[in-house]
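Heads up, work.cif below (mmCIF, C-alpha atoms):
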```cif
data_run
#
loop_
_atom_site.label_atom_id
_atom_site.label_comp_id
_atom_site.auth_asym_id
_atom_site.auth_seq_id
_atom_site.Cartn_x
_atom_site.Cartn_y
_atom_site.Cartn_z
CA MET P 740 -19.23 -12.93 16.57
CA LEU P 741 -19.60 -16.67 16.13
CA ILE P 742 -17.59 -18.71 18.63
CA LEU P 743 -16.95 -22.41 18.05
CA THR P 744 -15.05 -25.03 20.03
CA ARG P 745 -12.71 -27.23 17.98
CA LYS P 746 -10.26 -29.99 18.85
CA LEU P 747 -6.86 -30.75 17.39
CA GLY P 748 -7.26 -31.97 13.82
CA GLU P 749 -10.76 -30.55 13.47
CA SER P 750 -11.58 -27.70 11.14
CA ILE P 751 -14.15 -25.10 10.22
CA ARG P 752 -15.26 -24.21 6.73
CA ILE P 753 -16.10 -20.67 5.68
CA GLY P 754 -18.25 -20.77 2.58
CA ASP P 755 -17.48 -23.37 -0.07
CA ASP P 756 -13.78 -22.96 -0.48
CA ILE P 757 -12.15 -21.80 2.76
CA GLU P 758 -11.06 -24.25 5.42
CA VAL P 759 -9.30 -23.44 8.69
CA LYS P 760 -7.86 -26.47 10.47
CA ILE P 761 -6.36 -26.77 13.95
CA VAL P 762 -2.96 -28.28 13.13
CA ALA P 763 -1.22 -28.11 16.50
CA VAL P 764 -1.87 -26.88 20.04
CA SER P 765 0.98 -26.18 22.43
CA GLY P 766 0.35 -24.16 25.59
CA ASP P 767 -1.13 -20.82 24.49
CA GLN P 768 -0.03 -21.28 20.88
CA ILE P 769 -2.35 -22.67 18.25
CA LYS P 770 -1.16 -23.54 14.76
CA LEU P 771 -3.78 -23.09 12.06
CA GLY P 772 -3.75 -24.53 8.55
CA ILE P 773 -5.67 -22.30 6.17
CA THR P 774 -6.83 -23.38 2.73
CA ALA P 775 -8.31 -20.56 0.67
CA PRO P 776 -8.49 -19.48 -2.97
CA ARG P 777 -5.60 -17.27 -4.03
CA GLU P 778 -7.80 -14.18 -4.39
CA VAL P 779 -8.58 -14.36 -0.68
CA ASP P 780 -5.94 -12.55 1.36
CA VAL P 781 -4.91 -14.16 4.62
CA ASN P 782 -2.90 -11.97 6.99
CA ARG P 783 -1.96 -12.01 10.65
CA GLY P 784 -4.37 -9.68 12.43
CA GLU P 785 -1.75 -7.47 14.05
CA ILE P 786 0.18 -6.98 10.78
CA TYR P 787 -2.95 -5.99 8.88
CA GLU P 788 -4.01 -3.69 11.71
CA ALA P 789 -0.63 -1.89 11.80
CA ILE P 790 -0.82 -1.22 8.04
CA ARG P 791 -4.44 -0.10 8.28
CA LYS P 792 -3.50 2.41 11.00
CA GLU P 793 -0.53 3.69 9.01
CA ASN P 794 -2.69 4.12 5.89
CA ASN P 795 -5.30 6.00 7.89
CA SER P 796 -2.77 8.37 9.37
CA ALA P 797 -1.14 8.95 5.94
CA ALA P 798 -4.45 9.70 4.23
CA THR P 799 -6.13 11.86 6.84
CA SER P 800 -3.42 14.38 7.56
CA LYS P 801 -4.28 17.97 6.68
CA LEU P 802 -1.12 19.57 5.43
CA PRO P 803 -0.27 23.26 5.42
CA ALA P 804 0.23 24.85 2.00
CA ASP P 805 3.89 25.67 2.65
CA ILE P 806 4.76 21.99 3.21
CA LEU P 807 2.87 20.96 0.08
CA ASN P 808 4.65 23.64 -1.95
CA THR P 809 8.03 22.51 -0.63
CA MET P 810 7.27 18.92 -1.59
CA LYS P 811 6.14 19.95 -5.06
CA SER P 812 9.37 21.81 -5.67
CA MET P 813 11.69 18.99 -4.49
CA LYS P 814 13.89 17.72 -7.30
CA LYS P 815 15.00 14.17 -7.93
CA LYS P 816 18.63 15.24 -8.07
CA ASP P 817 18.38 16.47 -4.47
CA HIS P 818 18.29 12.85 -3.42
CA MET U 135 -14.74 12.06 -16.63
CA ILE U 136 -14.64 14.79 -14.00
CA ILE U 137 -13.64 13.90 -10.45
CA GLN U 138 -12.98 15.79 -7.24
CA THR U 139 -9.47 15.42 -5.83
CA LYS U 140 -7.91 16.29 -2.50
CA TYR U 141 -4.85 18.12 -3.81
CA PHE U 142 -5.81 19.37 -7.28
CA GLY U 143 -9.51 20.22 -6.87
CA GLU U 144 -11.71 19.29 -9.78
CA GLN U 145 -9.88 17.28 -12.43
CA GLU U 146 -10.73 15.78 -15.76
CA ILE U 147 -9.30 12.27 -16.02
CA LYS U 148 -9.28 9.57 -18.66
CA GLU U 149 -11.12 6.41 -17.69
CA THR U 150 -8.23 4.43 -19.18
CA ASP U 151 -5.96 5.88 -16.47
CA ILE U 152 -8.04 4.38 -13.67
CA ILE U 153 -6.28 1.65 -11.69
CA ALA U 154 -8.49 -1.06 -10.20
CA PHE U 155 -7.89 -1.96 -6.55
CA SER U 156 -10.35 -4.83 -6.28
CA SER U 157 -10.07 -5.11 -2.50
CA GLY U 158 -9.22 -1.47 -1.78
CA LEU U 159 -6.37 -0.81 0.64
CA PRO U 160 -6.31 -1.75 4.35
CA GLY U 161 -8.52 0.86 6.04
CA PHE U 162 -10.04 1.83 2.68
CA ALA U 163 -11.75 -1.36 1.61
CA HIS U 164 -14.49 0.48 -0.27
CA ASP U 165 -12.22 2.50 -2.55
CA HIS U 166 -11.75 0.34 -5.63
CA ARG U 167 -10.66 2.90 -8.24
CA PHE U 168 -7.60 5.13 -8.04
CA ILE U 169 -5.52 7.33 -10.28
CA ILE U 170 -1.91 8.42 -9.89
CA GLN U 171 -1.02 12.03 -10.63
CA PRO U 172 2.43 13.62 -10.37
CA PHE U 173 2.95 16.05 -7.49
CA GLY U 174 6.18 17.73 -8.44
CA GLU U 175 9.13 15.60 -9.51
CA THR U 176 9.55 13.43 -6.46
CA PHE U 177 6.05 12.69 -5.25
CA SER U 178 2.76 11.55 -6.73
CA ILE U 179 -0.78 11.38 -5.44
CA LEU U 180 -2.67 8.09 -5.31
CA GLN U 181 -6.20 9.50 -5.43
CA SER U 182 -9.47 7.61 -4.99
CA VAL U 183 -11.73 8.28 -7.96
CA ASP U 184 -14.84 7.93 -5.80
CA ASP U 185 -13.85 9.80 -2.65
CA ALA U 186 -11.99 13.10 -2.93
CA GLU U 187 -10.79 12.88 0.67
CA VAL U 188 -9.03 9.56 0.14
CA ALA U 189 -5.64 10.43 -1.31
CA PHE U 190 -2.17 9.18 -0.45
CA ILE U 191 1.09 10.97 -1.10
CA VAL U 192 3.39 8.36 -2.60
CA THR U 193 6.94 8.21 -3.88
CA SER U 194 9.27 5.73 -5.47
CA PRO U 195 11.24 3.86 -2.80
CA PHE U 196 14.19 3.74 -5.19
CA TYR U 197 14.73 7.53 -5.00
CA TYR U 198 15.62 7.08 -1.36
CA PHE U 199 16.81 3.51 -1.07
CA GLU U 200 18.87 2.40 -4.04
CA ASN U 201 18.94 -1.14 -2.70
CA TYR U 202 15.26 -1.40 -1.81
CA SER U 203 13.76 -4.66 -2.96
CA VAL U 204 10.46 -6.43 -2.65
CA ASP U 205 9.95 -10.11 -3.33
CA LEU U 206 6.36 -10.70 -4.41
CA PRO U 207 5.00 -14.20 -3.81
CA ASP U 208 3.50 -16.15 -6.72
CA HIS U 209 -0.10 -15.73 -5.62
CA PHE U 210 0.33 -11.95 -5.50
CA VAL U 211 1.96 -11.90 -8.95
CA LYS U 212 -0.97 -13.90 -10.31
CA GLN U 213 -3.55 -11.66 -8.63
CA LEU U 214 -2.03 -8.67 -10.39
CA GLU U 215 -1.63 -10.57 -13.67
CA ILE U 216 2.05 -9.62 -13.76
CA ARG U 217 3.91 -11.24 -16.63
CA SER U 218 7.16 -9.31 -16.70
CA GLN U 219 9.10 -6.75 -14.75
CA GLU U 220 7.94 -4.06 -17.18
CA ASP U 221 4.39 -4.51 -15.86
CA VAL U 222 5.35 -3.47 -12.34
CA ALA U 223 5.46 -0.08 -10.65
CA VAL U 224 6.36 0.11 -6.97
CA TRP U 225 5.15 3.01 -4.84
CA VAL U 226 5.42 3.64 -1.12
CA ILE U 227 3.04 5.73 0.96
CA VAL U 228 4.44 8.81 2.68
CA SER U 229 3.07 10.01 6.02
CA VAL U 230 3.76 13.70 5.69
CA ARG U 231 4.17 15.48 9.00
CA ASN U 232 4.61 19.04 10.10
CA PRO U 233 7.50 19.83 10.12
CA PHE U 234 8.35 17.91 6.96
CA SER U 235 11.48 16.49 8.59
CA ASP U 236 9.22 14.30 10.77
CA SER U 237 7.71 12.62 7.71
CA THR U 238 7.97 8.86 7.32
CA VAL U 239 7.55 6.39 4.52
CA ASN U 240 5.97 2.94 4.64
CA LEU U 241 8.59 0.66 3.11
CA ASN U 242 6.98 -2.37 4.72
CA ALA U 243 3.79 -2.44 2.67
CA PRO U 244 4.41 -1.00 -0.81
CA VAL U 245 1.65 -0.36 -3.32
CA ILE U 246 2.24 -2.53 -6.37
CA ILE U 247 0.66 -1.56 -9.68
CA ASN U 248 0.48 -3.48 -12.92
CA VAL U 249 0.81 -0.44 -15.18
CA ASN U 250 -0.26 -2.32 -18.31
CA LYS U 251 -3.32 -4.06 -16.85
CA LYS U 252 -4.14 -1.13 -14.53
CA ILE U 253 -4.49 -3.31 -11.47
CA GLY U 254 -3.14 -2.30 -8.07
CA LYS U 255 -2.83 -3.71 -4.59
CA GLN U 256 -0.98 -2.93 -1.40
CA TYR U 257 1.40 -5.76 -0.65
CA ILE U 258 1.23 -6.99 2.94
CA PRO U 259 4.36 -9.06 3.55
CA GLU U 260 4.26 -12.05 5.83
CA GLN U 261 7.69 -10.99 7.08
CA SER U 262 9.73 -7.90 6.24
CA ASP U 263 12.77 -6.11 7.60
CA TYR U 264 11.46 -2.81 6.25
CA SER U 265 9.80 -0.32 8.58
CA LEU U 266 6.24 0.97 8.40
CA ARG U 267 7.62 4.34 9.49
CA MET U 268 11.04 4.94 7.99
CA PRO U 269 12.07 8.59 8.39
CA LEU U 270 12.27 10.14 4.95
CA THR U 271 14.72 12.92 5.68
CA ALA U 272 17.10 10.62 7.56
CA GLN U 273 17.61 8.81 4.29
CA LEU U 274 18.06 12.03 2.35
CA GLN U 275 20.78 13.16 4.70
CA GLU U 276 22.48 9.80 4.70
CA LYS U 277 22.70 9.75 0.93
CA ARG U 278 24.08 13.28 0.77
CA VAL U 279 27.11 12.36 2.88
#
```

Write-out of the structure in structure tokens:
Amino acid sequence: MLILTRKLGESIRIGDDIEVKIVAVSGDQIKLGITAPREVDVNRGEIYEAIRKENNSAATSKLPADILNTMKSMKKKDH
Amino acid sequence: MIIQTKYFGEQEIKETDIIAFSSGLPGFAHDHRFIIQPFGETFSILQSVDDAEVAFIVTSPFYYFENYSVDLPDHFVKQLEIRSQEDVAVWVIVSVRNPFSDSTVNLNAPVIINVNKKIGKQYIPEQSDYSLRMPLTAQLQEKRV
């Protein structure tokens, strides 16, 4: 991991087209301004991590045949 | 082409049915190609073309939540090359549990697919009131009342 020290108003650049700027510092809160191309996704770490965990748990479950059969036979009108 | 699937074994699929997920899904960044196959009337399987073990059980949020809505930001709409509402399919991932009544659905981060362009992406909202783990059967019961 690369660790850099920056002051208020300073920035770092990641590659040619991503810039992360320190916009405000107040106590233990730091406000970042992020400029990135629209195809680059920028998410808060904890939000991304929660979704990653949920995806993992949804995809890795091994389900018994009786549950799968029940799901297959559920009808739209039941809802 | 022939692929291996988690729930249907070996399957022959049409390449034109493959949906491109250019950045994968969170936790599955290396799976870039998926197909959707019906699993009964209510559920479908979002299956990775390249990894049989990577398969999500999905459903339409609208079966359970008539008033469900998702407001996609402009950059997301552009990424998926969405031009009209007819382009868009919304799916939500189900975490199936044993017993089934413990199952939950991720209404927070729906999978959005441009059905005409065959491009998909999981939408990660900046803010959302919807739960990552909404009980599925709670909603069924509520709507039956």

Exercise for the section: Do me a favour and pick out the residues of chain U within 9 Å of chain P, using only C-alpha atoms, as an MDAnalysis selection string. Expected result: chainID U and resid 159:162 173:177 187:191 197:198 209:210 212:213 227:234 240 242:243 258:260 266:267 273:275 277:278

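A straight line drawn from CA of Ile153 in chain U to CA of Ile169 in chain U is 5.9 Å long.
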
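Distance annotation: of U:Gln145, U:Asn201, U:Thr193, U:Ser218, the residue with the minimal separation from Val245 in chain U is U:Thr193; atom set is only C-alpha atoms.
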
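Between CA of Phe196 in chain U and CA of Val239 in chain U there is a distance of 12.1 Å.
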
Spell out the residues picked by the PyMOL selection byres ((chain U and resi 137) around 8) here, as a short mmCIF file (atom, residue, chain, number, x, y, z; two decimals) with C-alpha atoms, in the coordinates of the input.
```cif
data_model
loop_
_atom_site.label_atom_id
_atom_site.label_comp_id
_atom_site.auth_asym_id
_atom_site.auth_seq_id
_atom_site.Cartn_x
_atom_site.Cartn_y
_atom_site.Cartn_z
CA MET U 135 -14.74 12.06 -16.63
CA ILE U 136 -14.64 14.79 -14.00
CA GLN U 138 -12.98 15.79 -7.24
CA THR U 139 -9.47 15.42 -5.83
CA GLU U 144 -11.71 19.29 -9.78
CA GLN U 145 -9.88 17.28 -12.43
CA GLU U 146 -10.73 15.78 -15.76
CA ILE U 147 -9.30 12.27 -16.02
CA VAL U 183 -11.73 8.28 -7.96
CA ASP U 184 -14.84 7.93 -5.80
CA ALA U 186 -11.99 13.10 -2.93
#
```

Problem - Separation of CA of Ala223 in chain U from CA of Asp165 in chain U in Å - result: 19.6 Å

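Residue nearest Val224 in chain U within the list U:Pro195, U:Gly158, U:Pro207, U:Gly143: U:Pro195 [criterion: smallest interatomic distance, only C-alpha atoms].
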
Exercise for the section: Go through U:Asp221, U:Asp263, U:Asp236, U:Asp205 and flag the residue nearest Val249 in chain U, using all atoms listed in the file for the distances. Expected result: U:Asp221

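Selection by the PyMOL selection byres ((chain P and resi 745-759) around 12) on the present file picks out Leu741, Ile742, Leu743, Thr744, Lys760, Ile761, Val762, Ala763, Val764, Ser765, Ile769, Lys770, Leu771, Gly772, Ile773, Thr774, Ala775, Pro776, Arg777, Glu778, Val779, Asp780 and Val781 of chain P.
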
Write the residues you've just listed into a file as a compact mmCIF listing (two decimals), in the coordinates of the input, and include C-alpha atoms for each of them.
```txt
# COMPACT_ATOMS: atom_id res chain seq x y z
CA LEU P 741 -19.60 -16.67 16.13
CA ILE P 742 -17.59 -18.71 18.63
CA LEU P 743 -16.95 -22.41 18.05
CA THR P 744 -15.05 -25.03 20.03
CA LYS P 760 -7.86 -26.47 10.47
CA ILE P 761 -6.36 -26.77 13.95
CA VAL P 762 -2.96 -28.28 13.13
CA ALA P 763 -1.22 -28.11 16.50
CA VAL P 764 -1.87 -26.88 20.04
CA SER P 765 0.98 -26.18 22.43
CA ILE P 769 -2.35 -22.67 18.25
CA LYS P 770 -1.16 -23.54 14.76
CA LEU P 771 -3.78 -23.09 12.06
CA GLY P 772 -3.75 -24.53 8.55
CA ILE P 773 -5.67 -22.30 6.17
CA THR P 774 -6.83 -23.38 2.73
CA ALA P 775 -8.31 -20.56 0.67
CA PRO P 776 -8.49 -19.48 -2.97
CA ARG P 777 -5.60 -17.27 -4.03
CA GLU P 778 -7.80 -14.18 -4.39
CA VAL P 779 -8.58 -14.36 -0.68
CA ASP P 780 -5.94 -12.55 1.36
CA VAL P 781 -4.91 -14.16 4.62
```

Mind giving me the axis-aligned box for range 751-762 of chain P with 3 Å on every side, centre plus edges in Å to one decimal, as AutoDock Vina command-line options?
```
--center_x -10.6 --center_y -24.5 --center_z 6.7 --size_x 21.3 --size_y 13.6 --size_z 20.4
```
